[in-house]
$ cat entry-v2.json   # JSON, C-alpha atoms
[["chain", "number", "residue", "atom", "x", "y", "z"],
["A", 1, "MET", "CA", 24.25, 104.73, 8.34],
["A", 2, "LYS", "CA", 22.15, 107.73, 9.31],
["A", 3, "ILE", "CA", 18.73, 107.70, 7.67],
["A", 4, "LEU", "CA", 16.05, 110.40, 7.73],
["A", 5, "VAL", "CA", 12.60, 108.85, 7.37],
["A", 6, "THR", "CA", 9.77, 111.24, 6.57],
["A", 7, "GLY", "CA", 6.36, 109.88, 7.49],
["A", 8, "GLY", "CA", 8.10, 107.30, 9.66],
["A", 9, "ALA", "CA", 5.27, 107.27, 12.22],
["A", 10, "GLY", "CA", 2.80, 106.06, 9.60],
["A", 11, "TYR", "CA", 1.93, 102.54, 8.53],
["A", 12, "ILE", "CA", 4.59, 101.63, 5.98],
["A", 13, "GLY", "CA", 7.14, 104.15, 7.28],
["A", 14, "SER", "CA", 7.03, 102.70, 10.80],
["A", 15, "HIS", "CA", 7.69, 99.19, 9.50],
["A", 16, "VAL", "CA", 10.69, 100.47, 7.53],
["A", 17, "VAL", "CA", 11.95, 102.29, 10.66],
["A", 18, "LYS", "CA", 11.62, 99.00, 12.55],
["A", 19, "ALA", "CA", 13.63, 97.19, 9.87],
["A", 20, "LEU", "CA", 16.30, 99.90, 9.82],
["A", 21, "GLY", "CA", 16.58, 99.87, 13.60],
["A", 22, "GLU", "CA", 16.94, 96.10, 13.68],
["A", 23, "LYS", "CA", 19.80, 96.43, 11.18],
["A", 24, "GLY", "CA", 21.59, 98.94, 13.41],
["A", 25, "ALA", "CA", 20.98, 102.13, 11.41],
["A", 26, "THR", "CA", 20.70, 105.50, 13.16],
["A", 27, "VAL", "CA", 17.21, 106.75, 12.36],
["A", 28, "LEU", "CA", 15.55, 110.15, 12.63],
["A", 29, "VAL", "CA", 11.82, 110.27, 11.91],
["A", 30, "TYR", "CA", 10.27, 113.49, 10.58],
["A", 31, "ASP", "CA", 6.47, 113.35, 10.82],
["A", 32, "ASP", "CA", 3.72, 115.87, 11.52],
["A", 33, "LEU", "CA", 1.61, 113.12, 13.20],
["A", 34, "SER", "CA", -1.46, 114.13, 11.18],
["A", 35, "LYS", "CA", -1.74, 110.49, 10.07],
["A", 36, "GLY", "CA", 1.06, 108.81, 12.02],
["A", 37, "HIS", "CA", 1.37, 107.79, 15.66],
["A", 38, "ARG", "CA", 4.13, 108.63, 18.10],
["A", 39, "ASP", "CA", 4.09, 105.14, 19.63],
["A", 40, "ALA", "CA", 4.63, 103.54, 16.20],
["A", 41, "VAL", "CA", 8.22, 104.81, 16.12],
["A", 42, "LEU", "CA", 10.07, 101.81, 17.58],
["A", 43, "TYR", "CA", 13.61, 103.07, 16.86],
["A", 44, "GLY", "CA", 15.39, 106.40, 16.66],
["A", 45, "GLU", "CA", 14.26, 109.92, 17.45],
["A", 46, "LEU", "CA", 11.16, 111.80, 16.30],
["A", 47, "VAL", "CA", 10.96, 115.37, 15.02],
["A", 48, "VAL", "CA", 7.35, 116.53, 14.84],
["A", 49, "GLY", "CA", 7.15, 118.77, 11.81],
["A", 50, "ASP", "CA", 5.52, 119.48, 8.46],
["A", 51, "LEU", "CA", 7.48, 119.31, 5.21],
["A", 52, "ALA", "CA", 5.87, 122.63, 4.31],
["A", 53, "ASP", "CA", 7.89, 124.16, 7.18],
["A", 54, "GLN", "CA", 11.02, 124.78, 5.16],
["A", 55, "ALA", "CA", 12.90, 126.40, 8.05],
["A", 56, "LEU", "CA", 12.41, 123.42, 10.38],
["A", 57, "LEU", "CA", 13.18, 121.01, 7.58],
["A", 58, "ALA", "CA", 16.42, 122.83, 6.76],
["A", 59, "ARG", "CA", 17.49, 122.88, 10.42],
["A", 60, "THR", "CA", 16.76, 119.18, 10.74],
["A", 61, "LEU", "CA", 18.75, 118.26, 7.63],
["A", 62, "ARG", "CA", 21.71, 120.41, 8.70],
["A", 63, "ALA", "CA", 21.77, 119.05, 12.25],
["A", 64, "PHE", "CA", 21.25, 115.36, 11.47],
["A", 65, "LYS", "CA", 23.25, 115.19, 8.22],
["A", 66, "PRO", "CA", 21.69, 111.95, 6.95],
["A", 67, "ASP", "CA", 23.42, 109.66, 4.49],
["A", 68, "ALA", "CA", 20.08, 109.07, 2.76],
["A", 69, "VAL", "CA", 16.40, 110.02, 2.97],
["A", 70, "MET", "CA", 13.42, 107.68, 2.75],
["A", 71, "HIS", "CA", 10.18, 109.51, 2.00],
["A", 72, "PHE", "CA", 6.76, 108.21, 3.09],
["A", 73, "ALA", "CA", 4.98, 111.44, 4.08],
["A", 74, "ALA", "CA", 2.09, 111.35, 1.61],
["A", 75, "PHE", "CA", -1.68, 111.19, 1.59],
["A", 76, "ILE", "CA", -2.86, 107.90, 0.08],
["A", 77, "ALA", "CA", -6.66, 107.75, -0.18],
["A", 78, "VAL", "CA", -7.77, 107.55, -3.81],
["A", 79, "GLY", "CA", -11.34, 108.65, -3.12],
["A", 80, "GLU", "CA", -10.24, 111.62, -1.06],
["A", 81, "SER", "CA", -7.81, 112.66, -3.79],
["A", 82, "VAL", "CA", -10.72, 112.81, -6.25],
["A", 83, "ARG", "CA", -12.70, 115.01, -3.84],
["A", 84, "GLU", "CA", -9.77, 117.17, -2.67],
["A", 85, "PRO", "CA", -7.08, 117.19, -5.38],
["A", 86, "VAL", "CA", -5.36, 120.37, -4.14],
["A", 87, "LYS", "CA", -4.66, 118.70, -0.79],
["A", 88, "TYR", "CA", -2.81, 115.92, -2.62],
["A", 89, "TYR", "CA", -0.82, 118.16, -4.94],
["A", 90, "CYS", "CA", 0.25, 120.40, -2.04],
["A", 91, "ASN", "CA", 1.40, 117.57, 0.21],
["A", 92, "ASN", "CA", 2.41, 114.75, -2.12],
["A", 93, "THR", "CA", 4.01, 116.90, -4.81],
["A", 94, "ALA", "CA", 4.93, 120.37, -3.49],
["A", 95, "ASN", "CA", 6.13, 119.16, -0.08],
["A", 96, "THR", "CA", 8.24, 116.45, -1.70],
["A", 97, "LEU", "CA", 9.90, 119.11, -3.83],
["A", 98, "ASN", "CA", 10.59, 121.08, -0.62],
["A", 99, "LEU", "CA", 12.32, 118.01, 0.76],
["A", 100, "LEU", "CA", 14.35, 117.39, -2.39],
["A", 101, "ARG", "CA", 15.48, 121.02, -2.54],
["A", 102, "GLY", "CA", 16.56, 120.86, 1.09],
["A", 103, "MET", "CA", 18.49, 117.66, 0.45],
["A", 104, "LEU", "CA", 20.43, 119.10, -2.48],
["A", 105, "GLU", "CA", 21.20, 122.31, -0.57],
["A", 106, "ASN", "CA", 22.76, 120.15, 2.16],
["A", 107, "GLY", "CA", 24.67, 117.81, -0.13],
["A", 108, "ILE", "CA", 22.41, 114.77, 0.44],
["A", 109, "ASN", "CA", 22.02, 112.82, -2.79],
["A", 110, "LYS", "CA", 20.48, 109.43, -1.94],
["A", 111, "PHE", "CA", 16.68, 109.20, -1.92],
["A", 112, "ILE", "CA", 14.16, 106.36, -1.70],
["A", 113, "PHE", "CA", 10.68, 107.32, -2.80],
["A", 114, "SER", "CA", 7.40, 105.72, -1.79],
["A", 115, "SER", "CA", 5.54, 105.59, -5.09],
["A", 116, "THR", "CA", 2.44, 103.65, -6.13],
["A", 117, "ALA", "CA", 0.82, 101.38, -8.68],
["A", 118, "ALA", "CA", -1.71, 104.19, -9.14],
["A", 119, "VAL", "CA", 0.78, 105.81, -11.55],
["A", 120, "TYR", "CA", -0.26, 103.20, -14.14],
["A", 121, "GLY", "CA", -3.98, 103.93, -14.11],
["A", 122, "SER", "CA", -5.90, 101.06, -15.72],
["A", 123, "PRO", "CA", -3.44, 99.41, -18.13],
["A", 124, "GLY", "CA", -5.69, 96.39, -18.69],
["A", 125, "LYS", "CA", -2.82, 93.89, -18.53],
["A", 126, "ALA", "CA", -2.47, 90.75, -16.46],
["A", 127, "LEU", "CA", 0.94, 91.85, -15.19],
["A", 128, "ILE", "CA", 2.21, 95.43, -15.10],
["A", 129, "THR", "CA", 5.89, 96.09, -15.80],
["A", 130, "GLU", "CA", 7.86, 99.25, -15.03],
["A", 131, "THR", "CA", 7.87, 100.16, -18.74],
["A", 132, "GLU", "CA", 4.09, 100.53, -18.82],
["A", 133, "PRO", "CA", 3.07, 104.12, -19.74],
["A", 134, "LEU", "CA", 2.20, 106.29, -16.74],
["A", 135, "LYS", "CA", -1.47, 107.17, -17.15],
["A", 136, "PRO", "CA", -2.98, 107.71, -13.70],
["A", 137, "ILE", "CA", -6.74, 108.03, -13.41],
["A", 138, "ASN", "CA", -6.90, 109.92, -10.12],
["A", 139, "PRO", "CA", -5.13, 112.88, -8.47],
["A", 140, "TYR", "CA", -3.30, 110.58, -6.05],
["A", 141, "GLY", "CA", -1.60, 108.84, -8.96],
["A", 142, "HIS", "CA", -0.90, 112.15, -10.71],
["A", 143, "SER", "CA", 0.70, 113.60, -7.57],
["A", 144, "LYS", "CA", 3.19, 110.72, -7.54],
["A", 145, "VAL", "CA", 3.93, 110.87, -11.28],
["A", 146, "PHE", "CA", 4.92, 114.52, -10.97],
["A", 147, "VAL", "CA", 7.49, 113.57, -8.31],
["A", 148, "GLU", "CA", 8.83, 110.67, -10.37],
["A", 149, "LYS", "CA", 9.38, 113.01, -13.32],
["A", 150, "ALA", "CA", 11.14, 115.53, -11.07],
["A", 151, "LEU", "CA", 13.38, 112.75, -9.72],
["A", 152, "GLU", "CA", 14.27, 111.70, -13.25],
["A", 153, "ASP", "CA", 15.26, 115.25, -14.16],
["A", 154, "MET", "CA", 17.19, 115.84, -10.93],
["A", 155, "SER", "CA", 19.06, 112.57, -11.35],
["A", 156, "ALA", "CA", 20.11, 113.57, -14.85],
["A", 157, "SER", "CA", 21.31, 117.07, -13.99],
["A", 158, "GLN", "CA", 21.95, 117.48, -10.25],
["A", 159, "GLY", "CA", 23.61, 114.28, -9.10],
["A", 160, "LEU", "CA", 20.63, 112.89, -7.17],
["A", 161, "ARG", "CA", 20.48, 109.10, -7.06],
["A", 162, "TYR", "CA", 17.15, 107.55, -6.18],
["A", 163, "VAL", "CA", 15.08, 104.39, -6.09],
["A", 164, "SER", "CA", 11.35, 104.81, -6.68],
["A", 165, "LEU", "CA", 9.36, 101.85, -5.36],
["A", 166, "ARG", "CA", 5.91, 101.52, -6.88],
["A", 167, "TYR", "CA", 3.84, 99.73, -4.25],
["A", 168, "PHE", "CA", 0.85, 97.65, -4.99],
["A", 169, "ASN", "CA", -1.36, 96.90, -1.93],
["A", 170, "ALA", "CA", 0.62, 96.90, 1.31],
["A", 171, "ALA", "CA", -1.10, 94.85, 3.99],
["A", 172, "GLY", "CA", -0.50, 92.90, 7.19],
["A", 173, "ALA", "CA", 1.34, 93.93, 10.34],
["A", 174, "ASP", "CA", 4.42, 93.30, 12.44],
["A", 175, "PRO", "CA", 4.35, 89.57, 13.36],
["A", 176, "GLU", "CA", 4.78, 90.54, 17.03],
["A", 177, "ALA", "CA", 1.79, 92.92, 16.72],
["A", 178, "ARG", "CA", 3.81, 95.92, 17.91],
["A", 179, "ILE", "CA", 2.76, 98.07, 14.95],
["A", 180, "GLY", "CA", 0.19, 97.82, 12.19],
["A", 181, "GLU", "CA", -2.40, 99.71, 10.18],
["A", 182, "ARG", "CA", -4.14, 102.59, 12.00],
["A", 183, "HIS", "CA", -5.57, 104.99, 9.46],
["A", 184, "GLN", "CA", -8.16, 107.58, 10.48],
["A", 185, "PRO", "CA", -10.45, 107.20, 8.66],
["A", 186, "GLU", "CA", -9.65, 103.69, 7.49],
["A", 187, "THR", "CA", -10.14, 103.07, 3.77],
["A", 188, "HIS", "CA", -8.22, 99.82, 3.14],
["A", 189, "LEU", "CA", -10.06, 96.57, 2.59],
["A", 190, "ILE", "CA", -8.29, 94.20, 5.00],
["A", 191, "PRO", "CA", -8.49, 96.35, 8.15],
["A", 192, "LEU", "CA", -12.08, 97.28, 7.29],
["A", 193, "ALA", "CA", -12.97, 93.60, 6.98],
["A", 194, "LEU", "CA", -11.31, 92.86, 10.33],
["A", 195, "LYS", "CA", -13.07, 95.75, 12.04],
["A", 196, "THR", "CA", -16.34, 94.38, 10.71],
["A", 197, "ALA", "CA", -15.42, 90.94, 12.05],
["A", 198, "LYS", "CA", -14.79, 92.56, 15.46],
["A", 199, "GLY", "CA", -18.25, 94.11, 15.40],
["A", 200, "GLU", "CA", -17.01, 97.71, 15.14],
["A", 201, "ARG", "CA", -18.86, 98.09, 11.85],
["A", 202, "LYS", "CA", -22.33, 96.84, 10.95],
["A", 203, "SER", "CA", -21.27, 95.77, 7.47],
["A", 204, "LEU", "CA", -18.47, 95.86, 4.92],
["A", 205, "GLU", "CA", -19.09, 97.64, 1.63],
["A", 206, "ILE", "CA", -17.85, 96.33, -1.73],
["A", 207, "TYR", "CA", -17.36, 99.26, -4.10],
["A", 208, "GLY", "CA", -18.61, 97.76, -7.32],
["A", 209, "ALA", "CA", -19.35, 94.12, -8.15],
["A", 210, "ASP", "CA", -19.63, 94.55, -11.92],
["A", 211, "TYR", "CA", -15.97, 94.92, -12.96],
["A", 212, "PRO", "CA", -14.54, 92.79, -15.82],
["A", 213, "THR", "CA", -12.95, 90.32, -13.37],
["A", 214, "PRO", "CA", -13.76, 86.67, -12.57],
["A", 215, "ASP", "CA", -16.13, 87.51, -9.70],
["A", 216, "GLY", "CA", -16.93, 91.12, -10.64],
["A", 217, "THR", "CA", -14.88, 92.72, -7.85],
["A", 218, "CYS", "CA", -11.55, 94.55, -8.11],
["A", 219, "LEU", "CA", -8.38, 92.46, -8.22],
["A", 220, "ARG", "CA", -5.30, 93.59, -6.27],
["A", 221, "ASP", "CA", -1.76, 92.40, -5.55],
["A", 222, "TYR", "CA", -1.43, 92.32, -1.73],
["A", 223, "ILE", "CA", 2.13, 92.47, -0.35],
["A", 224, "HIS", "CA", 3.06, 91.98, 3.30],
["A", 225, "VAL", "CA", 4.40, 95.21, 4.75],
["A", 226, "ASP", "CA", 7.57, 93.51, 6.05],
["A", 227, "ASP", "CA", 8.44, 92.28, 2.55],
["A", 228, "LEU", "CA", 7.91, 95.83, 1.38],
["A", 229, "ALA", "CA", 10.19, 97.12, 4.15],
["A", 230, "GLU", "CA", 12.91, 94.71, 3.02],
["A", 231, "ALA", "CA", 12.66, 96.17, -0.49],
["A", 232, "HIS", "CA", 13.56, 99.55, 0.99],
["A", 233, "LEU", "CA", 16.59, 98.19, 2.81],
["A", 234, "ILE", "CA", 18.03, 96.52, -0.27],
["A", 235, "SER", "CA", 17.33, 99.72, -2.24],
["A", 236, "LEU", "CA", 19.37, 101.59, 0.35],
["A", 237, "ASP", "CA", 22.19, 99.07, -0.06],
["A", 238, "HIS", "CA", 21.99, 99.59, -3.82],
["A", 239, "LEU", "CA", 22.38, 103.36, -3.53],
["A", 240, "SER", "CA", 25.10, 103.05, -0.88],
["A", 241, "GLY", "CA", 27.04, 100.85, -3.27],
["A", 242, "ARG", "CA", 26.98, 103.62, -5.90],
["A", 243, "GLY", "CA", 24.10, 102.02, -7.78],
["A", 244, "LYS", "CA", 22.29, 104.10, -10.38],
["A", 245, "SER", "CA", 18.79, 105.52, -10.12],
["A", 246, "GLU", "CA", 16.10, 102.89, -10.55],
["A", 247, "VAL", "CA", 12.33, 102.33, -10.56],
["A", 248, "PHE", "CA", 10.89, 99.05, -9.31],
["A", 249, "ASN", "CA", 7.47, 97.49, -8.81],
["A", 250, "CYS", "CA", 6.78, 95.93, -5.40],
["A", 251, "GLY", "CA", 4.21, 93.14, -5.43],
["A", 252, "TYR", "CA", 3.92, 89.37, -5.58],
["A", 253, "GLY", "CA", 2.81, 89.01, -9.18],
["A", 254, "HIS", "CA", -0.66, 87.64, -8.53],
["A", 255, "GLY", "CA", -3.87, 89.16, -7.29],
["A", 256, "TYR", "CA", -6.86, 88.46, -5.08],
["A", 257, "SER", "CA", -10.35, 89.79, -5.60],
["A", 258, "VAL", "CA", -12.24, 91.73, -2.95],
["A", 259, "ARG", "CA", -14.45, 88.68, -2.40],
["A", 260, "GLU", "CA", -11.44, 86.38, -1.97],
["A", 261, "VAL", "CA", -10.00, 88.73, 0.64],
["A", 262, "ILE", "CA", -13.33, 88.79, 2.49],
["A", 263, "ASP", "CA", -13.58, 84.98, 2.44],
["A", 264, "THR", "CA", -10.04, 84.69, 3.80],
["A", 265, "ALA", "CA", -10.78, 87.24, 6.54],
["A", 266, "ARG", "CA", -13.79, 85.17, 7.58],
["A", 267, "LYS", "CA", -11.62, 82.05, 7.69],
["A", 268, "VAL", "CA", -8.83, 83.66, 9.73],
["A", 269, "THR", "CA", -11.14, 85.33, 12.24],
["A", 270, "GLY", "CA", -13.68, 82.52, 12.45],
["A", 271, "LYS", "CA", -16.41, 85.15, 12.19],
["A", 272, "ASP", "CA", -19.06, 85.80, 9.60],
["A", 273, "PHE", "CA", -20.08, 89.37, 8.86],
["A", 274, "THR", "CA", -22.45, 91.26, 6.61],
["A", 275, "VAL", "CA", -21.24, 92.43, 3.20],
["A", 276, "GLU", "CA", -23.06, 94.96, 1.01],
["A", 277, "ASN", "CA", -22.55, 95.69, -2.68],
["A", 278, "ILE", "CA", -22.63, 99.41, -3.42],
["A", 279, "GLN", "CA", -21.70, 101.55, -6.42],
["A", 280, "ARG", "CA", -18.19, 101.83, -7.80],
["A", 281, "ARG", "CA", -15.77, 104.29, -6.24],
["A", 282, "PRO", "CA", -14.37, 106.96, -8.60],
["A", 283, "GLY", "CA", -10.72, 106.42, -9.53],
["A", 284, "ASP", "CA", -10.55, 102.65, -8.93],
["A", 285, "SER", "CA", -8.88, 100.42, -11.51],
["A", 286, "PRO", "CA", -10.39, 96.94, -12.08],
["A", 287, "VAL", "CA", -7.03, 95.08, -11.92],
["A", 288, "LEU", "CA", -3.60, 96.07, -10.53],
["A", 289, "VAL", "CA", -1.04, 93.27, -10.34],
["A", 290, "ALA", "CA", 2.74, 93.76, -10.36],
["A", 291, "ASP", "CA", 5.46, 92.20, -12.41],
["A", 292, "SER", "CA", 8.25, 92.48, -9.81],
["A", 293, "SER", "CA", 10.77, 90.31, -11.64],
["A", 294, "ARG", "CA", 13.02, 93.32, -12.19],
["A", 295, "LEU", "CA", 13.37, 94.01, -8.46],
["A", 296, "LYS", "CA", 14.06, 90.34, -7.77],
["A", 297, "LYS", "CA", 16.70, 90.12, -10.46],
["A", 298, "ALA", "CA", 18.43, 93.48, -10.01],
["A", 299, "LEU", "CA", 18.52, 93.63, -6.19],
["A", 300, "ASN", "CA", 17.97, 89.98, -5.30],
["A", 301, "TRP", "CA", 14.70, 90.73, -3.52],
["A", 302, "ASN", "CA", 13.35, 87.53, -2.00],
["A", 303, "PRO", "CA", 9.90, 88.07, -0.41],
["A", 304, "LYS", "CA", 9.11, 85.76, 2.52],
["A", 305, "TYR", "CA", 5.43, 86.29, 3.28],
["A", 306, "ASP", "CA", 3.57, 85.66, 0.01],
["A", 307, "ASP", "CA", 0.50, 84.14, 1.65],
["A", 308, "LEU", "CA", -2.83, 85.98, 1.93],
["A", 309, "GLU", "CA", -3.85, 83.99, 4.99],
["A", 310, "TYR", "CA", -0.60, 84.89, 6.78],
["A", 311, "ILE", "CA", -0.97, 88.55, 5.79],
["A", 312, "ILE", "CA", -4.47, 88.68, 7.23],
["A", 313, "LYS", "CA", -3.46, 86.70, 10.32],
["A", 314, "THR", "CA", -0.78, 89.26, 11.25],
["A", 315, "ALA", "CA", -3.25, 92.07, 10.61],
["A", 316, "TRP", "CA", -5.85, 90.31, 12.80],
["A", 317, "GLU", "CA", -3.44, 89.88, 15.73],
["A", 318, "TRP", "CA", -2.71, 93.62, 15.52],
["A", 319, "GLU", "CA", -6.37, 94.56, 15.11],
["A", 320, "LYS", "CA", -7.41, 92.59, 18.19],
["A", 321, "LYS", "CA", -5.10, 94.78, 20.28],
["A", 322, "GLN", "CA", -6.76, 98.01, 19.17]]
$ encode --input "entry-v2.json" --output "structure tokens"
Amino acid sequence: MKILVTGGAGYIGSHVVKALGEKGATVLVYDDLSKGHRDAVLYGELVVGDLADQALLARTLRAFKPDAVMHFAAFIAVGESVREPVKYYCNNTANTLNLLRGMLENGINKFIFSSTAAVYGSPGKALITETEPLKPINPYGHSKVFVEKALEDMSASQGLRYVSLRYFNAAGADPEARIGERHQPETHLIPLALKTAKGERKSLEIYGADYPTPDGTCLRDYIHVDDLAEAHLISLDHLSGRGKSEVFNCGYGHGYSVREVIDTARKVTGKDFTVENIQRRPGDSPVLVADSSRLKKALNWNPKYDDLEYIIKTAWEWEKKQ
């Protein structure tokens, strides 16, 4: 198959490109490299371009004629979305609509969307199912909900078939340490903890230690990025087999607190480091844990790396190379 991967030079996108390439797919990556890295594209060709550039996007779609599109080109920082909401609505929402319009104009009707647990807001439940009302509490989550609603409408009236994968916390790296997390600036807990262990940071900040959780810190469902990549491949198989449009959660069904992640990072690295408690960060939910039973049942998703220590170990091997 021929797959166009937007944002394929970024963290999750590059791992999906790796998985596609290893399966023998023909891949074209479309990325403006504002967040991604040219050397993270292990398979296929790279077109450097912005989804706001409708002329370049149209030429690329016409020339490549993909069988399906996987879309990862989004901004992801919750705190930044609170400070700069327009940036998130322009890129995450408007640019996705540019892409979808270009697809339909070129007869491309299979789409896999990188969504997020942030669409749920703070549901206050131990496990979140796909039927939970969408009540985001930050612009990042809102920007993704708008796209999901557009996909639902386009699927009903214009023949688009899609799978929307609502990620929880992607983490870890390629086991061979060829690619991994390289955000600038970095905002994710595990790489920040590892950078602190390396001595690149004086301390690691915990954003709020007074949440209604067992140890007062936020609880998250961490999923290894390669298990997440596999969810995209089986979603592609589903659409290729004429499967209907679907929405699935992607997580392991249990969470770890910020303090538990820090303790595991200390164990994996063998290094102690300073941790500071500071005030809560706007837009953070106390608990986000997935019920992914629907994905497992419907598409036979069988995650292989459900182990926090393994997740952090792969991230550490990558981080040591940076």
$ closest_residue --input "entry-v2.json" --among "A:Ala25, A:Ala68, A:Val41, A:Leu97" --to "A:Arg178" --atoms "only C-alpha atoms"
A:Val41
$ closest_residue --input "entry-v2.json" --among "A:Ala58, A:Tyr140, A:Met70, A:Val82" --to "A:Asn106" --atoms "all atoms listed in the file"
A:Ala58
$ closest_atom_pairs --input "entry-v2.json" --of "stretch 129-235 of chain A" --to "stretch 269-285 of chain A" --cutoff "7 Å" --atoms "only C-alpha atoms" --output "Markdown table"
| residue | atom | partner | partner_atom | distance |
| --- | --- | --- | --- | --- |
| A:Ile137 | CA | A:Gly283 | CA | 5.8 |
| A:Asn138 | CA | A:Gly283 | CA | 5.2 |
| A:Thr196 | CA | A:Phe273 | CA | 6.5 |
| A:Ala197 | CA | A:Phe273 | CA | 5.9 |
| A:Ser203 | CA | A:Thr274 | CA | 4.7 |
| A:Leu204 | CA | A:Val275 | CA | 4.7 |
| A:Glu205 | CA | A:Glu276 | CA | 4.8 |
| A:Ile206 | CA | A:Asn277 | CA | 4.8 |
| A:Tyr207 | CA | A:Arg280 | CA | 4.6 |
| A:Gly208 | CA | A:Arg280 | CA | 4.1 |
| A:Ala209 | CA | A:Asn277 | CA | 6.5 |
$ closest_residue --input "entry-v2.json" --among "A:Leu28, A:Leu165, A:Leu56, A:Val287" --to "A:Ala231" --atoms "all atoms listed in the file"
A:Leu165
$ closest_residue --input "entry-v2.json" --among "A:Ala229, A:Val261, A:Leu61, A:Val289" --to "A:Leu192" --atoms "all atoms listed in the file"
A:Val261
$ atom_distance --input "entry-v2.json" --atom1 "atom CA of A:Glu130" --atom2 "atom CA of A:Ser293"
10.0 Å
$ atom_distance --input "entry-v2.json" --atom1 "atom CA of A:Asp221" --atom2 "atom CA of A:Gly251"
6.0 Å
$ residues_around --input "entry-v2.json" --residues "A:Val5" --least-positions-apart "6" --cutoff "6 Å" --atoms "all atoms listed in the file" --output "ChimeraX atom specification"
/A:29,69-71
$ atom_distance --input "entry-v2.json" --atom1 "atom CA of A:Leu46" --atom2 "atom CA of A:Gln184"
20.6 Å
$ residues_around --input "entry-v2.json" --residues "A:Leu151" --least-positions-apart "5" --cutoff "12 Å" --atoms "only C-alpha atoms" --output "NGL selection string"
:A and (93 or 96-97 or 99-101 or 104 or 109-113 or 115 or 144-146 or 156-164 or 245-247)
$ residues_around --input "entry-v2.json" --residues "A:Ala171" --least-positions-apart "4" --cutoff "6 Å" --atoms "only C-alpha atoms" --output "PyMOL selection string"
chain A and resi 223-225
$ closest_residue --input "entry-v2.json" --among "A:Asn91, A:Ala40, A:Gly24, A:Ala177" --to "A:Thr314" --atoms "only C-alpha atoms"
A:Ala177
$ closest_residue --input "entry-v2.json" --among "A:Leu194, A:Ile76, A:Leu33, A:Ala290" --to "A:Tyr89" --atoms "all atoms listed in the file"
A:Ile76
$ residues_around --input "entry-v2.json" --residues "A:Phe72" --least-positions-apart "5" --cutoff "7 Å" --atoms "all atoms listed in the file" --output "number ranges by chain"
A: 6-8, 13, 114
$ residues_around --input "entry-v2.json" --residues "stretch 232-234 of chain A" --least-positions-apart "4" --cutoff "8 Å" --atoms "only C-alpha atoms" --output "compact mmCIF listing (two decimals) with C-alpha atoms, in the coordinates of the input"
# COMPACT_ATOMS: atom_id res chain seq x y z
CA VAL A 16 10.69 100.47 7.53
CA ALA A 19 13.63 97.19 9.87
CA LEU A 20 16.30 99.90 9.82
CA ILE A 112 14.16 106.36 -1.70
CA LEU A 165 9.36 101.85 -5.36
CA LEU A 228 7.91 95.83 1.38
CA HIS A 238 21.99 99.59 -3.82
CA LEU A 299 18.52 93.63 -6.19
CA TRP A 301 14.70 90.73 -3.52
$ axis_aligned_box --input "entry-v2.json" --around "stretch 137-147 of chain A" --padding-each-side "5 Å" --output "AutoDock Vina command-line options"
--center_x 0.3 --center_y 111.3 --center_z -9.7 --size_x 24.4 --size_y 16.5 --size_z 17.4
$ build_atoms --input "entry-v2.json" --residues "stretch 83-94 of chain A" --atoms "N, CA and C atoms" --output "CSV table (one decimal), keeping the file's coordinate frame"
chain,number,residue,atom,x,y,z
A,83,ARG,N,-11.9,113.9,-4.4
A,83,ARG,CA,-12.7,115.0,-3.8
A,83,ARG,C,-11.9,116.3,-3.5
A,84,GLU,N,-10.6,116.1,-3.1
A,84,GLU,CA,-9.8,117.2,-2.7
A,84,GLU,C,-8.4,117.1,-3.4
A,85,PRO,N,-8.4,117.3,-4.7
A,85,PRO,CA,-7.1,117.2,-5.4
A,85,PRO,C,-6.0,118.2,-4.9
A,86,VAL,N,-6.4,119.4,-4.5
A,86,VAL,CA,-5.4,120.4,-4.1
A,86,VAL,C,-4.6,119.9,-2.9
A,87,LYS,N,-5.3,119.2,-2.0
A,87,LYS,CA,-4.7,118.7,-0.8
A,87,LYS,C,-3.5,117.7,-1.2
A,88,TYR,N,-3.8,116.9,-2.2
A,88,TYR,CA,-2.8,115.9,-2.6
A,88,TYR,C,-1.6,116.5,-3.4
A,89,TYR,N,-1.9,117.5,-4.2
A,89,TYR,CA,-0.8,118.2,-4.9
A,89,TYR,C,0.1,119.0,-4.0
A,90,CYS,N,-0.5,119.6,-3.0
A,90,CYS,CA,0.2,120.4,-2.0
A,90,CYS,C,1.2,119.5,-1.2
A,91,ASN,N,0.6,118.4,-0.7
A,91,ASN,CA,1.4,117.6,0.2
A,91,ASN,C,2.3,116.6,-0.6
A,92,ASN,N,1.7,115.8,-1.4
A,92,ASN,CA,2.4,114.8,-2.1
A,92,ASN,C,3.4,115.3,-3.1
A,93,THR,N,3.1,116.4,-3.8
A,93,THR,CA,4.0,116.9,-4.8
A,93,THR,C,4.8,118.1,-4.3
A,94,ALA,N,4.2,119.2,-3.9
A,94,ALA,CA,4.9,120.4,-3.5
A,94,ALA,C,5.8,120.1,-2.3
